[in-house]
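J.: So here's protein-v9.txt (compact mmCIF, C-alpha atoms).
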```txt
# COMPACT_ATOMS: atom_id res chain seq x y z
CA MET F 385 110.14 111.13 70.01
CA ILE F 386 109.25 113.03 73.17
CA ILE F 387 108.04 110.57 75.81
CA ALA F 388 105.61 111.78 78.49
CA HIS F 389 105.79 109.36 81.41
CA GLY F 390 102.91 108.01 83.47
CA GLY F 391 101.88 108.65 87.04
CA ASN F 392 104.69 106.52 88.43
CA GLY F 393 107.39 108.60 86.78
CA PRO F 394 109.75 107.37 84.03
CA GLY F 395 109.50 103.63 84.74
CA SER F 396 110.11 100.33 82.99
CA ALA F 397 107.54 100.81 80.21
CA GLU F 398 108.95 104.22 79.29
CA GLN F 399 112.52 102.89 79.41
CA GLU F 400 111.51 100.00 77.16
CA MET F 401 110.01 102.48 74.69
CA VAL F 402 113.34 104.31 74.65
CA ARG F 403 115.22 101.07 74.07
CA ARG F 404 112.99 99.90 71.25
CA MET F 405 112.82 103.24 69.48
CA ASN F 406 116.58 103.80 69.71
CA ALA F 407 117.20 100.32 68.30
CA ARG F 408 115.11 101.32 65.27
CA GLY F 409 116.84 104.64 64.67
CA VAL F 410 114.41 106.94 66.50
CA ALA F 411 116.01 109.39 68.92
CA THR F 412 114.09 109.84 72.18
CA LEU F 413 113.75 112.37 74.97
CA LEU F 414 112.57 110.96 78.31
CA PHE F 415 112.60 113.10 81.46
CA ASP F 416 111.28 113.14 85.02
CA ALA F 417 108.55 115.79 84.96
CA TYR F 418 108.01 115.65 88.73
CA GLU F 419 111.58 116.52 89.63
CA MET F 420 111.63 119.16 86.89
CA ASN F 421 108.65 120.76 88.67
CA GLY F 422 110.55 120.75 91.97
CA PHE F 423 108.64 117.81 93.42
CA GLN F 424 111.06 115.41 95.06
CA TYR F 425 108.87 112.37 95.54
CA ARG F 426 109.98 109.33 97.47
CA GLY F 427 108.04 106.08 97.42
CA THR F 428 106.05 105.40 94.28
CA SER F 429 103.12 103.73 96.02
CA LEU F 430 102.45 106.74 98.22
CA PHE F 431 102.87 109.11 95.30
CA LEU F 432 100.57 107.15 93.01
CA THR F 433 97.75 107.03 95.52
CA GLY F 434 98.37 110.34 97.32
CA ALA F 435 98.37 112.68 94.30
CA THR F 436 95.44 113.25 91.97
CA ASN F 437 95.52 112.58 88.24
CA GLU F 438 95.08 116.26 87.45
CA SER F 439 98.00 117.30 89.67
CA ARG F 440 100.29 114.72 88.10
CA GLN F 441 99.14 115.60 84.59
CA ARG F 442 99.63 119.32 85.12
CA MET F 443 103.28 118.68 86.06
CA ILE F 444 103.83 116.30 83.14
CA PHE F 445 102.13 118.66 80.67
CA LYS F 446 104.25 121.62 81.78
CA ALA F 447 107.48 119.66 81.32
CA THR F 448 106.39 118.09 78.01
CA LEU F 449 105.39 121.45 76.56
CA GLY F 450 108.76 122.82 77.68
CA ALA F 451 110.55 119.88 76.06
CA TYR F 452 108.72 120.54 72.80
CA HIS F 453 109.75 124.21 72.75
CA TRP F 454 113.34 123.30 73.68
CA ILE F 455 113.61 120.78 70.85
CA ARG F 456 112.27 123.29 68.32
CA GLU F 457 115.25 125.52 69.12
CA ASN F 458 117.86 122.74 69.03
CA ALA F 459 119.89 122.96 65.83
CA ARG F 460 121.08 119.34 66.14
CA ILE F 461 117.57 117.93 65.73
CA ASP F 462 115.44 117.56 62.61
CA THR F 463 112.51 119.58 63.94
CA SER F 464 110.32 118.64 60.97
CA ARG F 465 109.98 115.05 62.17
CA LEU F 466 108.94 115.12 65.81
CA TYR F 467 106.62 112.63 67.52
CA ILE F 468 105.09 112.47 70.98
CA HIS F 469 104.19 109.38 72.97
CA GLY F 470 102.57 109.35 76.39
CA LEU F 471 101.51 106.51 78.68
CA SER F 472 98.63 106.64 81.20
CA ASN F 473 98.70 110.13 82.75
CA GLY F 474 101.29 110.85 80.08
CA GLY F 475 98.73 109.63 77.54
CA SER F 476 96.35 112.37 78.68
CA VAL F 477 99.21 114.84 78.35
CA ALA F 478 100.03 113.55 74.85
CA LEU F 479 96.49 114.02 73.52
CA ASN F 480 96.51 117.54 74.94
CA MET F 481 99.84 118.19 73.24
CA ALA F 482 98.17 117.25 69.94
CA ALA F 483 96.11 120.44 70.29
CA VAL F 484 98.98 122.88 70.86
CA VAL F 485 101.89 121.68 68.70
CA ASP F 486 102.71 123.03 65.25
CA PRO F 487 102.11 120.45 62.47
CA ALA F 488 105.18 121.84 60.74
CA HIS F 489 107.18 120.15 63.50
CA VAL F 490 105.12 117.33 65.01
CA ARG F 491 104.00 114.64 62.59
CA MET F 492 101.98 112.44 64.94
CA VAL F 493 101.02 111.86 68.59
CA PHE F 494 100.52 108.48 70.30
CA SER F 495 98.34 108.52 73.42
CA GLU F 496 98.48 105.18 75.26
CA GLY F 497 96.13 104.19 78.07
CA ALA F 498 94.85 107.70 78.74
CA PRO F 499 92.38 107.99 81.67
CA SER F 500 89.26 110.13 81.68
CA ALA F 501 90.22 112.03 84.85
CA GLY F 502 92.81 114.81 84.85
CA ILE F 503 93.37 117.95 82.79
CA GLY F 504 90.58 117.22 80.34
CA MET F 505 90.64 116.65 76.59
CA PRO F 506 90.87 119.34 73.89
CA ASP F 507 88.06 120.33 71.55
CA GLN F 508 90.34 120.32 68.52
CA ILE F 509 93.66 118.72 67.61
CA ARG F 510 96.23 119.95 65.11
CA VAL F 511 98.07 116.73 64.23
CA PRO F 512 97.11 113.06 63.72
CA LEU F 513 96.44 111.28 67.01
CA LYS F 514 96.53 107.54 67.70
CA MET F 515 94.52 106.45 70.77
CA VAL F 516 96.17 103.25 72.01
CA PHE F 517 94.57 100.82 74.47
CA GLY F 518 95.06 97.25 75.56
CA LYS F 519 91.71 95.46 75.48
CA MET F 520 92.41 94.24 79.04
CA ASP F 521 93.25 97.70 80.43
CA ASN F 522 91.24 98.04 83.64
CA TYR F 523 93.89 100.01 85.54
CA GLY F 524 92.26 101.80 88.48
CA GLY F 525 88.91 100.13 87.75
CA ARG F 526 86.37 99.18 90.38
CA THR F 527 85.35 96.02 88.53
CA VAL F 528 87.27 93.61 86.35
CA ASP F 529 85.60 94.96 83.20
CA ASP F 530 85.90 98.66 84.08
CA TRP F 531 87.89 99.31 80.93
CA MET F 532 90.05 102.43 80.77
CA HIS F 533 88.87 103.62 77.36
CA LEU F 534 85.18 103.44 78.37
CA ARG F 535 85.51 104.78 81.92
CA THR F 536 83.94 108.08 82.91
CA ASP F 537 84.59 110.14 86.05
CA PRO F 538 82.79 113.00 87.78
CA CYS F 539 83.84 116.47 86.68
CA VAL F 540 85.09 117.29 90.19
CA VAL F 541 88.30 115.33 89.53
CA ASN F 542 89.32 117.54 86.60
CA GLN F 543 91.26 120.79 86.46
CA PRO F 544 92.63 122.54 83.34
CA ALA F 545 96.36 122.87 82.80
CA LYS F 546 98.08 126.18 82.10
CA GLY F 547 99.02 126.38 78.43
CA ALA F 548 96.60 123.67 77.29
CA ALA F 549 94.01 124.28 74.59
CA VAL F 550 90.34 124.84 75.33
CA GLY F 551 88.53 121.59 75.96
CA THR F 552 86.37 119.52 78.27
CA ALA F 553 88.01 120.90 81.43
CA GLN F 554 86.48 124.31 80.70
CA ARG F 555 83.01 122.72 81.01
CA CYS F 556 83.65 119.86 83.40
CA SER F 557 85.97 120.48 86.36
CA LEU F 558 86.33 121.10 90.07
CA ARG F 559 84.85 124.57 89.54
CA VAL F 560 82.48 124.05 86.60
CA ASN F 561 79.69 121.46 86.78
CA PRO F 562 81.58 119.44 89.43
CA ALA F 563 78.70 117.00 90.02
CA ALA F 564 78.27 116.14 86.33
CA GLN F 565 79.86 113.13 84.65
CA GLY F 566 82.63 113.65 82.14
CA LEU F 567 83.32 111.92 78.84
CA SER F 568 85.24 108.70 78.48
CA PRO F 569 88.34 108.83 76.25
CA HIS F 570 86.42 106.73 73.71
CA GLN F 571 83.44 109.10 73.67
CA TRP F 572 85.72 112.11 73.29
CA ALA F 573 87.70 110.60 70.42
CA GLU F 574 84.52 109.50 68.65
CA GLN F 575 83.22 113.07 68.82
CA LEU F 576 86.39 114.33 67.17
CA GLN F 577 86.18 111.62 64.52
CA ALA F 578 82.60 112.65 63.74
CA GLN F 579 83.89 116.18 63.12
CA GLY F 580 86.50 114.87 60.69
CA GLN F 581 89.46 115.37 63.01
CA PRO F 582 92.44 112.98 62.56
CA VAL F 583 91.90 110.51 65.41
CA GLU F 584 92.37 106.76 65.12
CA PHE F 585 91.94 103.95 67.66
CA TRP F 586 94.49 101.18 68.12
CA PHE F 587 93.22 98.29 70.27
CA TYR F 588 95.37 95.31 71.19
CA ASP F 589 94.35 91.82 72.26
CA GLU F 590 96.46 90.16 74.97
CA ALA F 591 97.33 93.57 76.42
CA ALA F 592 96.46 95.54 79.54
CA HIS F 593 97.82 98.91 80.78
CA GLY F 594 101.25 99.73 79.39
CA LEU F 595 102.00 97.49 76.44
CA LEU F 596 105.75 97.67 77.05
CA ALA F 597 105.55 97.13 80.82
CA GLY F 598 106.46 93.44 80.55
CA ALA F 599 104.46 90.26 80.96
CA ILE F 600 100.80 90.60 81.94
CA ASP F 601 100.30 91.10 85.69
CA ARG F 602 96.69 90.77 86.87
CA GLY F 603 97.40 92.45 90.19
CA MET F 604 95.28 94.69 92.39
CA ARG F 605 96.19 98.20 93.57
CA THR F 606 95.43 99.73 96.97
CA TYR F 607 94.38 103.38 96.94
CA GLY F 608 94.54 105.24 100.23
CA SER F 609 95.24 103.80 103.67
CA GLY F 610 93.38 102.81 106.82
CA PRO F 611 89.61 102.36 106.87
CA THR F 612 89.14 104.45 103.72
CA ALA F 613 91.52 102.38 101.61
CA SER F 614 90.03 100.79 98.49
CA GLN F 615 91.14 97.96 96.24
CA ARG F 616 91.16 98.60 92.51
CA PHE F 617 92.02 96.44 89.56
CA GLY F 618 95.38 97.24 88.02
CA TRP F 619 96.23 94.87 85.21
CA ILE F 620 99.43 95.88 83.40
CA GLY F 621 101.65 94.60 80.61
CA ALA F 622 101.11 92.55 77.49
CA THR F 623 102.21 89.38 75.77
CA SER F 624 105.38 89.66 73.72
CA ASN F 625 103.32 89.30 70.54
CA ALA F 626 101.10 92.25 71.48
CA ALA F 627 104.09 94.40 72.47
CA ASN F 628 105.85 93.59 69.21
CA ARG F 629 102.72 94.41 67.17
CA PHE F 630 102.47 97.77 68.95
CA VAL F 631 106.09 98.67 68.17
CA ALA F 632 105.67 97.54 64.57
CA ASP F 633 102.58 99.76 64.25
CA LEU F 634 104.49 102.68 65.76
CA MET F 635 107.31 102.35 63.27
CA LYS F 636 104.97 101.87 60.32
CA SER F 637 103.10 105.07 61.22
CA ILE F 638 106.30 107.02 61.81
CA LYS F 639 107.80 105.98 58.48
CA SER F 640 104.55 106.62 56.61
CA SER F 641 104.60 110.23 57.84
CA TYR F 642 107.94 111.00 56.17
CA PRO F 643 107.78 113.38 53.19
```
Output the structure of this file as structure tokens.

T.:
Amino acid sequence: MIIAHGGNGPGSAEQEMVRRMNARGVATLLFDAYEMNGFQYRGTSLFLTGATNESRQRMIFKATLGAYHWIRENARIDTSRLYIHGLSNGGSVALNMAAVVDPAHVRMVFSEGAPSAGIGMPDQIRVPLKMVFGKMDNYGGRTVDDWMHLRTDPCVVNQPAKGAAVGTAQRCSLRVNPAAQGLSPHQWAEQLQAQGQPVEFWFYDEAAHGLLAGAIDRGMRTYGSGPTASQRFGWIGATSNAANRFVADLMKSIKSSYP
């Protein structure tokens, strides 16, 4: 399993995914995409609020695509049974990876807590995609019920990533229709489902943003500084029951994809 980390870098949720997958016999590859892109960040709070989603996602996508190509050439790995998981900004990267990987190698992609803003969403995918959301995921929301999967953002906050497949960012970006409103992750996935593409939703009760981030924290997040600073909702984590159900669903899907 290739793990694409979120906007905060490879943190506790990603490390917990590694721990749980390894304990169940799944090898994992987790990396710091920011440092691999030559960006030596210091101070997660400043980085989270001082860099845009699209800039973070472009770095994570570049590194994740590179990891995929590296693994395909690694003789020690069974390259017929690869999986990709991404959280938050990494979730957006994961769903974009579903459009560029070879189904002869990648069996399934898990996109968890993907936001609407960033590098866009592809028009077609090549492998089965699970869209994973906690029902309490309001991370970055302006109101308590500004749910991640239903949230839309103006096109101006999007920019396509080099190497990604054609998708919404070609029609809705900083340079194309910047004043228009983009699709929510839910709207996008429903469109693909209507076309018969292999997308499935996984929703979890008792869960917010990052199902493996620990106990539920109903905290707020401050974006920016000084008089322009804004408070946003930022609920993270899940109950142990929800986290365990998620991992059980992951393993069931992985095993069901074996030949």

J.: Enumerate, in order of chain and increasing residue number, the residues of stretch 463-559 of chain F with an atom no farther than 7 Å from stretch 616-636 of chain F, each with its shortest atom pair and distance in Å to one decimal, counting all atoms listed in the file, as JSON lines.

T.:
```
{"residue": "F:Asp521", "atom": "CA", "partner": "F:Trp619", "partner_atom": "CA", "distance": 6.3}
{"residue": "F:Asn522", "atom": "CA", "partner": "F:Gly618", "partner_atom": "CA", "distance": 6.1}
{"residue": "F:Tyr523", "atom": "CA", "partner": "F:Gly618", "partner_atom": "CA", "distance": 4.0}
{"residue": "F:Gly524", "atom": "CA", "partner": "F:Arg616", "partner_atom": "CA", "distance": 5.3}
{"residue": "F:Gly525", "atom": "CA", "partner": "F:Phe617", "partner_atom": "CA", "distance": 5.2}
{"residue": "F:Arg526", "atom": "CA", "partner": "F:Arg616", "partner_atom": "CA", "distance": 5.3}
{"residue": "F:Thr527", "atom": "CA", "partner": "F:Phe617", "partner_atom": "CA", "distance": 6.8}
{"residue": "F:Val528", "atom": "CA", "partner": "F:Phe617", "partner_atom": "CA", "distance": 6.4}
```

J.: When you look at stretch 532-535 of chain F with a cut-off of 9 Å (counting only C-alpha atoms), what residues show up, excluding the ones that are within fewer than 3 positions of it in the same chain? I need them as a ChimeraX atom specification.

T.: /F:497-500,517-525,567-571,593

J.: Could you make a table, as JSON lines, of the residues of stretch 437-552 of chain F that have an atom within 10 Å of an atom of stretch 387-405 of chain F, each with its nearest atom pair and distance in Å to one decimal, counting only C-alpha atoms, in chain and number order?

T.:
```
{"residue": "F:Asn437", "atom": "CA", "partner": "F:Gly391", "partner_atom": "CA", "distance": 7.6}
{"residue": "F:Ser439", "atom": "CA", "partner": "F:Gly391", "partner_atom": "CA", "distance": 9.8}
{"residue": "F:Arg440", "atom": "CA", "partner": "F:Gly391", "partner_atom": "CA", "distance": 6.4}
{"residue": "F:Gln441", "atom": "CA", "partner": "F:Gly391", "partner_atom": "CA", "distance": 7.9}
{"residue": "F:Ile444", "atom": "CA", "partner": "F:Ala388", "partner_atom": "CA", "distance": 6.7}
{"residue": "F:Phe445", "atom": "CA", "partner": "F:Ala388", "partner_atom": "CA", "distance": 8.0}
{"residue": "F:Ala447", "atom": "CA", "partner": "F:Ala388", "partner_atom": "CA", "distance": 8.6}
{"residue": "F:Thr448", "atom": "CA", "partner": "F:Ala388", "partner_atom": "CA", "distance": 6.4}
{"residue": "F:Leu449", "atom": "CA", "partner": "F:Ala388", "partner_atom": "CA", "distance": 9.9}
{"residue": "F:Ala451", "atom": "CA", "partner": "F:Ile387", "partner_atom": "CA", "distance": 9.6}
{"residue": "F:Tyr467", "atom": "CA", "partner": "F:Ile387", "partner_atom": "CA", "distance": 8.7}
{"residue": "F:Ile468", "atom": "CA", "partner": "F:Ile387", "partner_atom": "CA", "distance": 6.0}
{"residue": "F:His469", "atom": "CA", "partner": "F:Ile387", "partner_atom": "CA", "distance": 4.9}
{"residue": "F:Gly470", "atom": "CA", "partner": "F:Ala388", "partner_atom": "CA", "distance": 4.4}
{"residue": "F:Leu471", "atom": "CA", "partner": "F:Gly390", "partner_atom": "CA", "distance": 5.2}
{"residue": "F:Ser472", "atom": "CA", "partner": "F:Gly390", "partner_atom": "CA", "distance": 5.0}
{"residue": "F:Asn473", "atom": "CA", "partner": "F:Gly390", "partner_atom": "CA", "distance": 4.8}
{"residue": "F:Gly474", "atom": "CA", "partner": "F:Ala388", "partner_atom": "CA", "distance": 4.7}
{"residue": "F:Gly475", "atom": "CA", "partner": "F:Ala388", "partner_atom": "CA", "distance": 7.3}
{"residue": "F:Ser476", "atom": "CA", "partner": "F:Gly390", "partner_atom": "CA", "distance": 9.2}
{"residue": "F:Val477", "atom": "CA", "partner": "F:Ala388", "partner_atom": "CA", "distance": 7.1}
{"residue": "F:Ala478", "atom": "CA", "partner": "F:Ala388", "partner_atom": "CA", "distance": 6.9}
{"residue": "F:Phe494", "atom": "CA", "partner": "F:Ile387", "partner_atom": "CA", "distance": 9.6}
{"residue": "F:Ser495", "atom": "CA", "partner": "F:Ala388", "partner_atom": "CA", "distance": 9.4}
{"residue": "F:Glu496", "atom": "CA", "partner": "F:Gly390", "partner_atom": "CA", "distance": 9.7}
{"residue": "F:Gly497", "atom": "CA", "partner": "F:Gly390", "partner_atom": "CA", "distance": 9.5}
{"residue": "F:Ala498", "atom": "CA", "partner": "F:Gly390", "partner_atom": "CA", "distance": 9.4}
```

J.: Using all atoms listed in the file for the distances, tell me which of F:Trp572, F:Tyr607, F:Tyr642, F:Tyr588 is nearest to F:Leu479.

T.: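 Residue with the minimum atom-to-atom distance to F:Leu479: F:Trp572.
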
J.: Which neighbours of F:His453 fall inside 12 Å, counting all atoms listed in the file, when residues of the same chain fewer than 4 positions from it are skipped, and could you give them as a list of chain:residue names?

T.: F:Ile386, F:Lys446, F:Ala447, F:Thr448, F:Leu449, F:Glu457, F:Asn458, F:Thr463, F:Leu466, F:Met481, F:Val484, F:Val485, F:Asp486, F:His489, F:Val490

J.: Compile the contact shell of F:Pro643 as a list in words: residues with an atom at most 12 Å away, counting all atoms listed in the file, same-chain residues fewer than 4 positions apart removed.

T.: Ser464, Arg465, Ala488, Arg491, Ile638 and Lys639 of chain F

J.: So which one's closest to F:Trp531, F:Asn480, F:Gln543, F:Ala592, F:Gln579? Using all atoms listed in the file, please.

T.: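 So, comparing all the options, the nearest one is F:Ala592.
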
J.: Separation of atom CA of F:Ile461 and atom CA of F:Thr412, in Å?

T.: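 Here the two named atoms are 10.9 Å from each other.
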
J.: Give the answer as one residue: which of F:Ala482, F:Val550, F:Met385, F:Leu595 has the shortest atom-to-atom distance to F:Asp507, using all atoms listed in the file?

T.: F:Val550
